[in-house]
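Data block for upload34.txt (compact mmCIF, C-alpha atoms):
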# COMPACT_ATOMS: atom_id res chain seq x y z
CA LYS A 294 59.74 -75.67 10.37
CA ARG A 295 61.32 -73.11 12.60
CA PHE A 296 64.80 -73.82 13.91
CA LYS A 297 67.70 -71.97 15.56
CA ALA A 298 71.06 -71.61 13.85
CA LYS A 299 74.43 -70.31 15.10
CA SER A 300 76.84 -68.49 12.85
CA LYS A 301 79.95 -66.65 14.14
CA GLY A 302 78.49 -66.55 17.62
CA ILE A 303 75.30 -64.80 16.53
CA ARG A 304 72.03 -66.61 17.26
CA ALA A 305 69.40 -66.25 14.56
CA LYS A 306 65.91 -67.50 13.84
CA CYS A 307 64.67 -68.35 10.35
CA ASN A 308 61.79 -70.07 8.63
CA CYS A 309 62.79 -73.14 6.65
CA ILE A 310 60.95 -75.36 4.21
CA ALA A 311 61.60 -79.09 4.46
CA LEU A 312 61.87 -80.66 1.00
CA GLY A 313 61.06 -84.29 0.21
CA TYR A 314 61.78 -86.25 -2.97
CA TYR A 315 59.86 -89.42 -3.84
CA LEU A 316 60.85 -91.90 -6.54
CA ASP A 317 59.20 -95.07 -7.84
CA ASP A 318 61.69 -96.56 -10.26
CA GLY A 319 60.49 -99.67 -12.07
CA PHE A 320 56.80 -99.26 -11.16
CA SER A 321 53.96 -98.63 -13.60
CA GLY A 322 52.26 -95.26 -13.35
CA THR A 323 48.90 -97.06 -13.44
CA ASN A 324 49.74 -98.57 -10.03
CA PHE A 325 49.05 -96.25 -7.09
CA GLN A 326 50.34 -98.80 -4.56
CA ARG A 327 53.89 -97.74 -5.44
CA PRO A 328 56.02 -97.42 -2.26
CA GLY A 329 57.23 -93.89 -3.00
CA PHE A 330 53.73 -92.66 -3.80
CA GLN A 331 52.30 -94.31 -0.68
CA GLU A 332 55.01 -92.73 1.51
CA MET A 333 54.29 -89.32 -0.01
CA MET A 334 50.54 -89.72 0.57
CA ARG A 335 51.13 -90.50 4.25
CA TYR A 336 52.67 -87.04 4.59
CA VAL A 337 49.80 -85.51 2.60
CA GLU A 338 47.20 -87.14 4.86
CA ASP A 339 49.13 -85.95 7.90
CA TYR A 340 48.73 -82.33 6.67
CA SER A 341 52.52 -82.11 6.39
CA VAL A 342 52.60 -81.13 2.70
CA SER A 343 51.88 -77.61 1.50
CA THR A 344 53.01 -77.94 -2.14
CA LEU A 345 53.46 -80.97 -4.37
CA ILE A 346 55.50 -80.53 -7.57
CA VAL A 347 55.93 -83.04 -10.40
CA LYS A 348 57.62 -82.74 -13.78
CA ASP A 349 54.36 -83.56 -15.55
CA LEU A 350 51.05 -85.25 -14.74
CA SER A 351 52.23 -88.65 -15.97
CA ARG A 352 54.91 -88.70 -13.23
CA LEU A 353 52.16 -88.73 -10.60
CA GLY A 354 50.07 -91.39 -12.30
CA ARG A 355 48.53 -92.70 -15.51
CA GLU A 356 45.01 -93.67 -14.43
CA TYR A 357 42.69 -90.76 -15.15
CA SER A 358 39.87 -91.67 -12.73
CA TYR A 359 42.09 -91.67 -9.62
CA MET A 360 44.15 -88.75 -10.93
CA GLY A 361 40.91 -86.77 -11.12
CA ARG A 362 40.07 -87.62 -7.52
CA LEU A 363 43.56 -86.60 -6.40
CA GLN A 364 43.41 -83.21 -8.11
CA ASP A 365 39.74 -82.38 -7.53
CA PHE A 366 39.15 -83.76 -4.04
CA ILE A 367 42.07 -85.28 -2.15
CA PHE A 368 44.72 -82.56 -2.56
CA PRO A 369 42.24 -79.71 -1.86
CA ALA A 370 40.95 -81.57 1.20
CA TYR A 371 44.46 -81.61 2.67
CA ASP A 372 45.22 -78.05 1.53
CA VAL A 373 47.92 -79.17 -0.90
CA ARG A 374 48.91 -76.94 -3.81
CA PHE A 375 49.59 -79.18 -6.81
CA ILE A 376 51.94 -78.15 -9.63
CA ALA A 377 52.80 -80.08 -12.82
CA VAL A 378 55.53 -78.00 -14.43
CA ASN A 379 55.54 -79.17 -18.06
CA ASP A 380 51.73 -79.32 -18.27
CA ASP A 381 51.28 -75.79 -16.87
CA VAL A 382 49.06 -77.08 -14.06
CA ASP A 383 48.90 -75.11 -10.81
CA SER A 384 45.96 -75.60 -8.49
CA ALA A 385 46.53 -72.11 -7.11
CA LYS A 386 45.55 -70.71 -10.53
CA GLY A 387 42.24 -72.58 -10.62
CA GLU A 388 40.89 -75.54 -12.61
CA ASN A 389 42.66 -76.48 -15.81
CA ASP A 390 40.48 -78.38 -18.33
CA PHE A 391 43.60 -79.36 -20.25
CA ALA A 392 44.79 -81.28 -17.17
CA VAL A 393 41.76 -83.57 -17.41
CA PHE A 394 42.56 -84.27 -21.04
CA LYS A 395 46.23 -84.96 -20.21
CA ASN A 396 45.22 -87.45 -17.50
CA VAL A 397 42.99 -89.34 -19.95
CA PHE A 398 45.68 -89.19 -22.63
CA ASN A 399 48.30 -90.57 -20.18
CA ASP A 400 45.86 -93.36 -19.23
CA TYR A 401 45.22 -94.06 -22.93
CA TYR A 402 48.96 -94.12 -23.66
CA ALA A 403 49.64 -96.58 -20.81
CA LYS A 404 46.82 -98.91 -21.90
CA ASP A 405 47.81 -98.66 -25.56
CA THR A 406 51.43 -99.48 -24.71
CA SER A 407 50.33 -102.38 -22.51
CA LYS A 408 48.06 -103.66 -25.28
CA LYS A 409 50.90 -103.58 -27.81
CA ILE A 410 53.24 -105.39 -25.43
CA ARG A 411 50.61 -108.06 -24.76
CA ALA A 412 50.07 -108.45 -28.50
CA VAL A 413 53.79 -109.02 -29.05
CA ILE A 414 53.92 -111.52 -26.18
CA LYS A 415 50.86 -113.32 -27.51
CA MET A 416 52.38 -113.57 -31.00
CA ARG A 417 55.56 -115.01 -29.52
CA GLY A 418 53.59 -117.49 -27.45
CA GLU A 419 51.38 -118.61 -30.32
CA ALA A 420 54.47 -119.06 -32.47
CA GLY A 421 55.80 -121.54 -29.92
CA GLU A 422 58.50 -119.19 -28.61
CA HIS A 423 59.33 -118.71 -24.93
CA ILE A 424 57.60 -115.67 -23.46
CA ALA A 425 60.06 -115.06 -20.62
CA SER A 426 63.05 -112.96 -21.69
CA ASN A 427 65.43 -114.86 -19.39
CA PRO A 428 65.44 -118.65 -19.09
CA PRO A 429 64.81 -120.21 -15.68
CA TYR A 430 67.48 -121.94 -13.61
CA GLY A 431 68.55 -125.08 -15.48
CA TYR A 432 68.45 -123.49 -18.93
CA ILE A 433 70.58 -121.01 -20.86
CA LYS A 434 69.99 -119.17 -24.13
CA ASP A 435 71.22 -120.95 -27.23
CA PRO A 436 74.24 -118.96 -28.54
CA GLN A 437 73.07 -119.74 -32.09
CA ASP A 438 69.47 -118.64 -31.52
CA LYS A 439 68.60 -116.38 -28.58
CA LYS A 440 64.93 -117.34 -28.86
CA LYS A 441 65.72 -120.93 -27.92
CA TRP A 442 66.79 -122.41 -24.61
CA ILE A 443 69.26 -125.23 -24.15
CA VAL A 444 69.98 -127.26 -21.03
CA ASP A 445 72.59 -125.93 -18.62
CA GLU A 446 74.19 -129.23 -17.65
CA GLY A 447 75.53 -128.00 -14.30
CA ALA A 448 72.18 -126.67 -13.06
CA ALA A 449 70.21 -129.47 -14.71
CA LYS A 450 71.77 -131.99 -12.32
CA VAL A 451 70.35 -130.02 -9.38
CA ILE A 452 66.92 -129.79 -11.02
CA LYS A 453 66.93 -133.56 -11.59
CA ARG A 454 67.96 -134.10 -7.97
CA ILE A 455 65.06 -131.95 -6.75
CA PHE A 456 62.50 -133.86 -8.82
CA ASP A 457 63.96 -137.22 -7.80
CA LEU A 458 63.62 -136.26 -4.14
CA CYS A 459 60.05 -135.11 -4.75
CA ILE A 460 59.17 -138.42 -6.43
CA ALA A 461 60.69 -140.18 -3.42
CA GLY A 462 58.11 -138.42 -1.23
CA LYS A 463 60.13 -135.48 0.08
CA GLY A 464 58.40 -132.12 0.50
CA PRO A 465 59.88 -128.67 -0.38
CA MET A 466 61.15 -128.06 3.16
CA GLN A 467 62.85 -131.47 3.33
CA ILE A 468 64.40 -131.02 -0.12
CA ALA A 469 65.71 -127.57 0.86
CA LYS A 470 67.34 -129.02 3.99
CA ILE A 471 68.93 -131.85 1.99
CA LEU A 472 70.43 -129.50 -0.61
CA THR A 473 71.69 -127.19 2.15
CA ALA A 474 73.29 -130.14 3.98
CA GLU A 475 74.88 -131.37 0.77
CA LYS A 476 76.31 -127.85 0.21
CA VAL A 477 74.76 -127.44 -3.21
CA LEU A 478 75.26 -123.87 -4.48
CA THR A 479 72.07 -121.80 -4.42
CA VAL A 480 70.84 -120.32 -7.69
CA THR A 481 72.28 -116.90 -6.81
CA ALA A 482 75.65 -118.38 -5.90
CA TYR A 483 75.66 -120.59 -9.00
CA HIS A 484 75.03 -117.66 -11.35
CA ALA A 485 77.63 -115.53 -9.55
CA LYS A 486 80.21 -118.27 -9.97
CA GLN A 487 79.34 -118.75 -13.66
CA LYS A 488 79.57 -115.03 -14.46
CA GLY A 489 82.55 -114.23 -12.23
CA TRP A 490 80.57 -111.93 -9.93
CA THR A 491 81.11 -111.41 -6.21
CA MET A 492 79.86 -114.48 -4.37
CA PRO A 493 77.01 -113.99 -1.85
CA ASP A 494 77.57 -114.51 1.86
CA ASN A 495 75.33 -117.57 2.12
CA LEU A 496 76.28 -120.05 -0.59
CA TYR A 497 74.17 -123.06 0.31
CA HIS A 498 70.97 -121.96 2.08
CA TRP A 499 68.03 -123.17 -0.03
CA SER A 500 64.49 -122.00 0.81
CA GLN A 501 61.42 -124.19 0.66
CA ASN A 502 59.55 -121.52 -1.33
CA PHE A 503 62.14 -121.61 -4.10
CA ILE A 504 62.00 -125.41 -4.21
CA ALA A 505 58.20 -125.27 -4.42
CA GLY A 506 58.51 -122.79 -7.30
CA ILE A 507 60.81 -125.13 -9.22
CA LEU A 508 58.46 -128.07 -8.75
CA ALA A 509 55.53 -125.99 -10.03
CA ARG A 510 57.21 -124.80 -13.24
CA ARG A 511 56.05 -126.51 -16.41
CA GLU A 512 59.27 -125.57 -18.23
CA TYR A 513 61.05 -128.41 -16.45
CA THR A 514 58.76 -130.93 -18.15
CA GLY A 515 59.97 -129.78 -21.57
CA CYS A 516 56.93 -127.60 -22.35
CA THR A 517 57.13 -124.18 -23.96
CA VAL A 518 54.89 -122.24 -21.58
CA ASN A 519 52.62 -120.01 -23.65
CA PHE A 520 48.97 -119.49 -24.42
CA LYS A 521 48.60 -122.94 -25.95
CA THR A 522 49.89 -125.02 -23.05
CA TYR A 523 49.30 -123.24 -19.76
CA THR A 524 47.13 -120.55 -18.20
CA LYS A 525 46.79 -119.05 -14.73
CA SER A 526 43.27 -120.44 -14.39
CA MET A 527 44.88 -123.59 -12.99
CA LYS A 528 46.06 -121.59 -10.00
CA PHE A 529 42.53 -120.31 -9.37
CA LYS A 530 41.06 -123.80 -9.56
CA LYS A 531 43.62 -125.05 -7.09
CA ARG A 532 42.81 -122.20 -4.70
CA MET A 533 39.10 -122.96 -4.79
CA GLU A 534 39.71 -126.62 -4.00
CA ASN A 535 40.27 -125.53 -0.39
CA PRO A 536 37.09 -126.89 1.23
CA VAL A 537 36.86 -124.17 3.89
CA GLU A 538 37.18 -121.36 1.35
CA ASN A 539 34.72 -123.12 -0.95
CA ARG A 540 32.18 -123.40 1.87
CA ARG A 541 32.57 -119.76 2.92
CA VAL A 542 32.19 -118.56 -0.70
CA LEU A 543 29.03 -120.66 -1.04
CA GLU A 544 27.62 -119.21 2.21
CA CYS A 545 28.37 -115.67 1.02
CA ILE A 546 26.59 -116.30 -2.29
CA GLN A 547 23.60 -117.88 -0.55
CA ARG A 548 23.21 -114.93 1.86
CA THR A 549 23.47 -112.44 -0.99
CA LEU A 550 20.91 -114.23 -3.14
CA THR A 551 18.53 -114.47 -0.17
CA TYR A 552 18.89 -110.73 0.46
CA VAL A 553 18.21 -109.96 -3.21
CA GLN A 554 15.08 -112.14 -3.19
CA LEU A 555 13.70 -110.65 0.05
CA PHE A 556 14.46 -107.00 -0.77
CA ARG A 557 14.15 -107.07 -4.53
CA ASP A 558 12.86 -103.48 -4.96
CA ASP A 559 15.32 -101.94 -2.51
CA PHE A 560 18.19 -103.81 -4.16
CA THR A 561 17.14 -102.66 -7.64
CA GLN A 562 16.87 -98.99 -6.62
CA GLU A 563 20.19 -99.07 -4.78
CA MET A 564 22.09 -100.67 -7.67
CA LEU A 565 20.61 -98.27 -10.22
CA ALA A 566 21.42 -95.28 -8.00
CA GLN A 567 25.02 -96.45 -7.53
CA ASP A 568 25.45 -97.02 -11.23
CA GLU A 569 23.91 -93.67 -12.13
CA ALA A 570 26.19 -91.75 -9.76
CA SER A 571 29.38 -93.44 -10.99
CA ARG A 572 28.28 -93.16 -14.61
CA LYS A 573 27.61 -89.43 -14.30
CA ALA A 574 31.01 -88.80 -12.68
CA GLU A 575 32.81 -90.79 -15.36
CA LEU A 576 30.88 -89.11 -18.16
CA GLU A 577 31.77 -85.68 -16.77
CA GLN A 578 35.45 -86.62 -16.70
CA LYS A 579 35.30 -87.89 -20.27
CA ARG A 580 33.47 -84.80 -21.49
CA LYS A 581 36.13 -82.59 -19.93
CA ALA A 582 38.84 -84.74 -21.50
CA LEU A 583 37.14 -84.53 -24.91
CA SER A 584 36.94 -80.75 -24.57
CA GLY A 585 40.65 -80.63 -23.73
CA ALA A 586 41.48 -82.90 -26.67
CA GLN A 587 39.53 -80.74 -29.11
CA LYS A 588 41.24 -77.60 -27.79
CA ARG A 589 44.67 -79.21 -28.16
CA ILE A 590 43.86 -80.25 -31.75
CA ASP A 591 42.97 -76.63 -32.55
CA ASP A 592 46.15 -75.39 -30.85
CA LEU A 593 48.26 -77.83 -32.86
CA ASP A 594 46.68 -76.57 -36.09
CA LYS A 595 47.82 -73.05 -35.17
CA ILE A 596 51.31 -74.24 -34.19
CA ILE A 597 51.78 -76.14 -37.45
CA GLN A 598 50.53 -73.08 -39.40
CA ARG A 599 53.09 -70.86 -37.63
CA LEU A 600 55.87 -73.33 -38.34
CA TYR A 601 54.94 -73.27 -42.01
CA GLU A 602 54.95 -69.47 -42.08
CA ASP A 603 58.34 -69.33 -40.33
CA SER A 604 59.71 -71.82 -42.85
CA VAL A 605 58.43 -69.79 -45.80
CA LEU A 606 59.90 -66.57 -44.33
CA GLY A 607 63.24 -68.26 -43.78
CA LYS A 608 63.06 -68.07 -39.99
CA LEU A 609 63.16 -71.85 -39.75
CA SER A 610 65.36 -74.26 -41.69
CA ASP A 611 63.74 -76.94 -43.84
CA THR A 612 65.26 -79.68 -41.67
CA ARG A 613 64.01 -78.12 -38.46
CA PHE A 614 60.56 -77.53 -39.98
CA SER A 615 60.28 -81.14 -41.14
CA LYS A 616 61.26 -82.49 -37.72
CA LEU A 617 58.97 -80.22 -35.68
CA SER A 618 55.98 -80.51 -37.99
CA ALA A 619 56.28 -84.32 -38.00
CA GLN A 620 56.30 -84.36 -34.19
CA TYR A 621 53.24 -82.12 -33.90
CA GLU A 622 51.36 -83.97 -36.63
CA THR A 623 52.01 -87.29 -34.88
CA GLU A 624 50.73 -85.84 -31.60
CA GLN A 625 47.69 -84.44 -33.37
CA MET A 626 46.91 -87.81 -34.97
CA GLU A 627 47.14 -89.59 -31.60
CA ILE A 628 44.88 -87.01 -29.95
CA GLN A 629 42.36 -87.30 -32.79
CA GLN A 630 42.25 -91.06 -32.23
CA LEU A 631 41.73 -90.52 -28.51
CA ALA A 632 39.01 -87.93 -29.14
CA ALA A 633 37.19 -90.36 -31.46
CA ALA A 634 37.42 -93.09 -28.82
CA LEU A 635 36.09 -90.71 -26.16
CA GLU A 636 33.16 -89.71 -28.36
CA ARG A 637 32.24 -93.37 -28.86
CA GLU A 638 32.48 -94.10 -25.13
CA ILE A 639 30.36 -91.07 -24.26
CA GLU A 640 27.69 -92.17 -26.74
CA ASP A 641 27.73 -95.74 -25.42
CA GLU A 642 27.62 -94.78 -21.74
CA ALA A 643 25.07 -91.99 -22.04
CA GLY A 644 22.26 -94.49 -22.42
CA GLN A 645 23.79 -97.31 -20.40
CA VAL A 646 22.12 -98.60 -17.20
CA ALA A 647 23.08 -101.39 -14.84
CA ASP A 648 21.66 -104.66 -16.11
CA VAL A 649 20.02 -105.41 -12.79
CA ARG A 650 17.13 -107.22 -14.44
CA ARG A 651 19.42 -109.86 -15.94
CA PHE A 652 21.10 -110.42 -12.59
CA LEU A 653 17.70 -110.78 -10.92
CA GLN A 654 16.93 -113.53 -13.42
CA LEU A 655 20.14 -115.29 -12.40
CA ALA A 656 19.30 -114.80 -8.72
CA GLU A 657 15.93 -116.44 -9.33
CA LYS A 658 17.57 -119.31 -11.22
CA TYR A 659 20.02 -120.02 -8.39
CA SER A 660 17.74 -119.21 -5.44
CA ASP A 661 17.98 -122.82 -4.21
CA LEU A 662 21.77 -123.13 -4.55
CA HIS A 663 23.36 -125.88 -2.43
CA GLU A 664 26.76 -126.42 -4.03
CA LEU A 665 29.21 -124.74 -6.38
CA ASP A 666 30.24 -126.22 -9.68
CA ALA A 667 32.07 -124.81 -12.69
CA ALA A 668 28.89 -124.01 -14.63
CA THR A 669 27.32 -122.11 -11.72
CA VAL A 670 30.47 -120.11 -10.99
CA ASN A 671 30.97 -119.20 -14.66
CA GLU A 672 27.41 -117.94 -15.08
CA LEU A 673 26.77 -116.30 -11.72
CA ILE A 674 30.17 -114.98 -10.64
CA ASP A 675 32.45 -112.47 -12.34
CA LYS A 676 35.37 -112.96 -9.94
CA ILE A 677 36.20 -114.01 -6.39
CA VAL A 678 38.93 -112.16 -4.49
CA ILE A 679 40.49 -114.02 -1.55
CA HIS A 680 42.75 -111.72 0.46
CA ASN A 681 45.89 -112.69 2.33
CA PRO A 682 45.27 -113.97 5.88
CA ILE A 683 45.40 -111.51 8.79
CA ARG A 684 46.16 -112.71 12.33
CA ASN A 685 44.39 -111.09 15.25
CA ASN A 686 44.50 -112.36 18.85
CA GLY A 687 45.91 -115.69 17.72
CA LYS A 688 43.20 -116.27 15.10
CA LYS A 689 43.50 -116.17 11.33
CA TYR A 690 41.00 -114.09 9.33
CA VAL A 691 40.62 -114.20 5.57
CA THR A 692 38.42 -111.68 3.74
CA ILE A 693 36.49 -112.98 0.74
CA GLU A 694 34.90 -110.65 -1.84
CA VAL A 695 32.45 -112.00 -4.41
CA TYR A 696 31.76 -109.97 -7.58
CA PHE A 697 28.57 -111.04 -9.34
CA THR A 698 27.87 -111.04 -13.06
CA TYR A 699 26.33 -107.77 -14.34
CA VAL A 700 26.33 -105.93 -10.98
CA GLY A 701 29.71 -106.51 -9.32
CA LYS A 702 30.05 -106.54 -5.54
CA ILE A 703 26.80 -106.32 -3.59
CA ARG A 704 26.86 -104.71 -0.17
CA ILE A 705 24.25 -106.12 2.20
CA PRO A 706 23.61 -105.16 5.85
CA LEU A 707 25.37 -108.01 7.71
CA GLN A 708 26.53 -108.10 11.30
CA ASN A 709 29.70 -110.03 10.48
CA PRO A 710 31.99 -109.69 7.45
CA ASP A 711 32.73 -112.70 5.26
CA ARG A 712 35.72 -113.87 7.26
CA PHE A 713 36.88 -117.09 8.86

Rewrite the coordinates I just gave you, this time as structure tokens.
Amino acid sequence: KRFKAKSKGIRAKCNCIALGYYLDDGFSGTNFQRPGFQEMMRYVEDYSVSTLIVKDLSRLGREYSYMGRLQDFIFPAYDVRFIAVNDDVDSAKGENDFAVFKNVFNDYYAKDTSKKIRAVIKMRGEAGEHIASNPPYGYIKDPQDKKKWIVDEGAAKVIKRIFDLCIAGKGPMQIAKILTAEKVLTVTAYHAKQKGWTMPDNLYHWSQNFIAGILARREYTGCTVNFKTYTKSMKFKKRMENPVENRRVLECIQRTLTYVQLFRDDFTQEMLAQDEASRKAELEQKRKALSGAQKRIDDLDKIIQRLYEDSVLGKLSDTRFSKLSAQYETEQMEIQQLAAALEREIEDEAGQVADVRRFLQLAEKYSDLHELDAATVNELIDKIVIHNPIRNNGKKYVTIEVYFTYVGKIRIPLQNPDRF
């Protein structure tokens, strides 16, 4: 941006670059809905960014498919020069095959880490231990065994009061008003008082949402909430008990199945074409990543060889050699595992086609569908996404997306979207 500056009475003109810094602390790199990233992309899409610099590719994201779209299509479309310093990536220098490999490796690392964390959590749950690291309001960690919770007598009285009011027929809003009127310390205020922290401004204002959350928690019944006693499927079942949503989902499924029956050939060709296009793009990305992985393995062989030669010639101490060689050998082993996984995926996907025929058999089976039951939903539907309501001109609209078994979401030429 051009601006005028005054210095010692002399007026001068200069060109200045506006710098922006975006941070997403506490968010997973696999999530591209991060607030900092979204704010940055608004500037990109407004053609306000000329150069984007990150420490390394993983700082931008850890999902290789979207990272590929960003680098290959989105940034070039908005004339953005992209630089990842530590990975030696600079879009001004042309395509970098190693960048594709790094994106896949970052994705692999994130999924591998997530898998290990889930495995640890699952082991804790199956062993009867509490999965949450911090106990909910009403409990504290046992000083003798941090894995166990014991009752916090002070907070337990409030929990008992809430459940007694609920049994008496009071709803969350009424209970919140009663606790506020009785000047019962909120959870935040209670913890602040217990730990000697600064007390919040509002000591007694209870919200109905928090009360509803307490009433819904199984921990207050004495259960250890883990994989043996409780799953989120209960929440889904409760959501689908809404008769209006149930009816609209059924109507959506009926319209889709009718379309598939009437335009069977067109539907088959369209689904196969969609699958082929996405499969080719993904295969190309994986082949590039495999090429980058193989190149990095070769480079690491050379690096380790040079380290060995430097150690023999006395240019590198034995301690330093052991540390560096161990680091590079660990990296090489991880990349070899990734390369093997990529080779298997490429082999599997090379001959893979959308299983449209099996879905058509299901469509035929349920062509005269009049109601939804658990068996039908489990066989015919992969998932149902019900979005948050949107208000427009005083009316509430809810978008419903149905993903079918084998083929996912089916787009059919309808005048009106699935909304109510």

Nearest-residue call for Leu543 of chain A, choices A:Arg352, A:His663, A:Lys470, A:Arg374, using all atoms listed in the file: A:His663

Hey, can you check how far atom CA of Lys348 of chain A sits from atom CA of Leu316 of chain A?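 Separation of atom CA of Lys348 of chain A and atom CA of Leu316 of chain A: 12.1 Å.
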
Pairwise distance for atom CA of Phe697 of chain A and atom CA of Arg548 of chain A, rounded to one decimal in Å: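 Atom CA of Arg548 of chain A lies at a distance of 13.0 Å from atom CA of Phe697 of chain A.
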
Quick one, how far is atom CA of Ala667 of chain A from atom CA of Val542 of chain A?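 Taking atom CA of Ala667 of chain A and atom CA of Val542 of chain A, their separation equals 13.5 Å.
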
Here is a test: counting only C-alpha atoms, which residue of A:Lys439, A:Arg355, A:Lys579, A:Arg650 is nearest to Thr323 of chain A?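 Of all the options, A:Arg355 lies closest to Thr323 of chain A.
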
Which residue is closest to Arg454 of chain A? Choose from A:Ala586, A:Ala385, A:Leu508, A:Ala482 and count all atoms listed in the file.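 Nearest candidate to Arg454 of chain A out of A:Ala586, A:Ala385, A:Leu508, A:Ala482: A:Leu508.
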
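Minimum atom-to-atom distance to Asp349 of chain A, evaluated using only C-alpha atoms, belongs to A:Val378 out of A:Leu609, A:Ile590, A:Val378, A:Val553.
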
Find, counting only C-alpha atoms, the residue in A:Val605, A:Leu345, A:Val477, A:Val691 that gets nearest to Ser384 of chain A.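 For Ser384 of chain A, the nearest of the given residues is A:Leu345.
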
Show me the residues around (59.2, -131.3, 2.2) - criterion: an atom at most 12 Å away, only C-alpha atoms counted - as a list in words.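 Checking each residue against the 12 Å limit leaves Ile455, Phe456, Leu458, Cys459, Ile460, Ala461, Gly462, Lys463, Gly464, Pro465, Met466, Gln467, Ile468, Ala469, Lys470, Ile471, Leu472, Ser500, Gln501, Asn502, Phe503, Ile504, Ala505 and Leu508 of chain A.
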
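Considering all atoms listed in the file, the residue among A:Leu550, A:Leu655, A:Ala485, A:Val537 positioned nearest to Val695 of chain A is A:Leu550.
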
Give me the residues near Asn324 of chain A as a list in words, where near means some atom within 10 Å (using all atoms listed in the file) and where sequence neighbours in that chain fewer than 5 positions away do not count.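 Counting all atoms listed in the file, the residues come to Phe330, Gly354, Arg355 and Glu356 of chain A.
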
Written selection (C-alpha atoms) as a PDB file, in the coordinates of the input:
ATOM      1  CA  PHE A 330      53.730 -92.660  -3.800  1.00  0.00           C
ATOM      2  CA  GLY A 354      50.070 -91.390 -12.300  1.00  0.00           C
ATOM      3  CA  ARG A 355      48.530 -92.700 -15.510  1.00  0.00           C
ATOM      4  CA  GLU A 356      45.010 -93.670 -14.430  1.00  0.00           C
TER       5      GLU A 356
END

First collect every listed atom of segment 505-509 of chain A; then fit an axis-aligned box around them, widen it by 8 Å on each side, and give centre and edge lengths in Å to one decimal, as AutoDock Vina command-line options.
--center_x 58.2 --center_y -125.4 --center_z -7.2 --size_x 21.3 --size_y 21.3 --size_z 21.6

Your completed segment 675-688 of chain A with N, CA and C atoms, as a compact mmCIF listing (two decimals), in the frame of the given file:
# COMPACT_ATOMS: atom_id res chain seq x y z
N ASP A 675 31.45 -113.12 -11.48
CA ASP A 675 32.45 -112.47 -12.34
C ASP A 675 33.85 -112.78 -11.83
N LYS A 676 34.08 -112.60 -10.53
CA LYS A 676 35.37 -112.96 -9.94
C LYS A 676 35.21 -113.10 -8.44
N ILE A 677 36.15 -113.83 -7.84
CA ILE A 677 36.20 -114.01 -6.39
C ILE A 677 37.58 -113.61 -5.92
N VAL A 678 37.65 -112.65 -5.00
CA VAL A 678 38.93 -112.16 -4.49
C VAL A 678 39.11 -112.70 -3.07
N ILE A 679 40.18 -113.47 -2.87
CA ILE A 679 40.49 -114.02 -1.55
C ILE A 679 41.76 -113.33 -1.06
N HIS A 680 41.63 -112.53 -0.03
CA HIS A 680 42.75 -111.72 0.46
C HIS A 680 43.71 -112.55 1.30
N ASN A 681 44.90 -112.01 1.49
CA ASN A 681 45.89 -112.69 2.33
C ASN A 681 45.40 -112.76 3.77
N PRO A 682 45.74 -113.82 4.49
CA PRO A 682 45.27 -113.97 5.88
C PRO A 682 45.81 -112.86 6.78
N ILE A 683 45.00 -112.49 7.77
CA ILE A 683 45.40 -111.51 8.79
C ILE A 683 45.22 -112.18 10.15
N ARG A 684 46.24 -112.12 10.99
CA ARG A 684 46.16 -112.71 12.33
C ARG A 684 45.78 -111.65 13.35
N ASN A 685 44.85 -112.00 14.21
CA ASN A 685 44.39 -111.09 15.25
C ASN A 685 44.03 -111.92 16.49
N ASN A 686 44.73 -111.63 17.60
CA ASN A 686 44.50 -112.36 18.85
C ASN A 686 44.62 -113.87 18.67
N GLY A 687 45.63 -114.27 17.89
CA GLY A 687 45.91 -115.69 17.72
C GLY A 687 45.02 -116.39 16.72
N LYS A 688 44.08 -115.66 16.08
CA LYS A 688 43.20 -116.27 15.10
C LYS A 688 43.52 -115.74 13.71
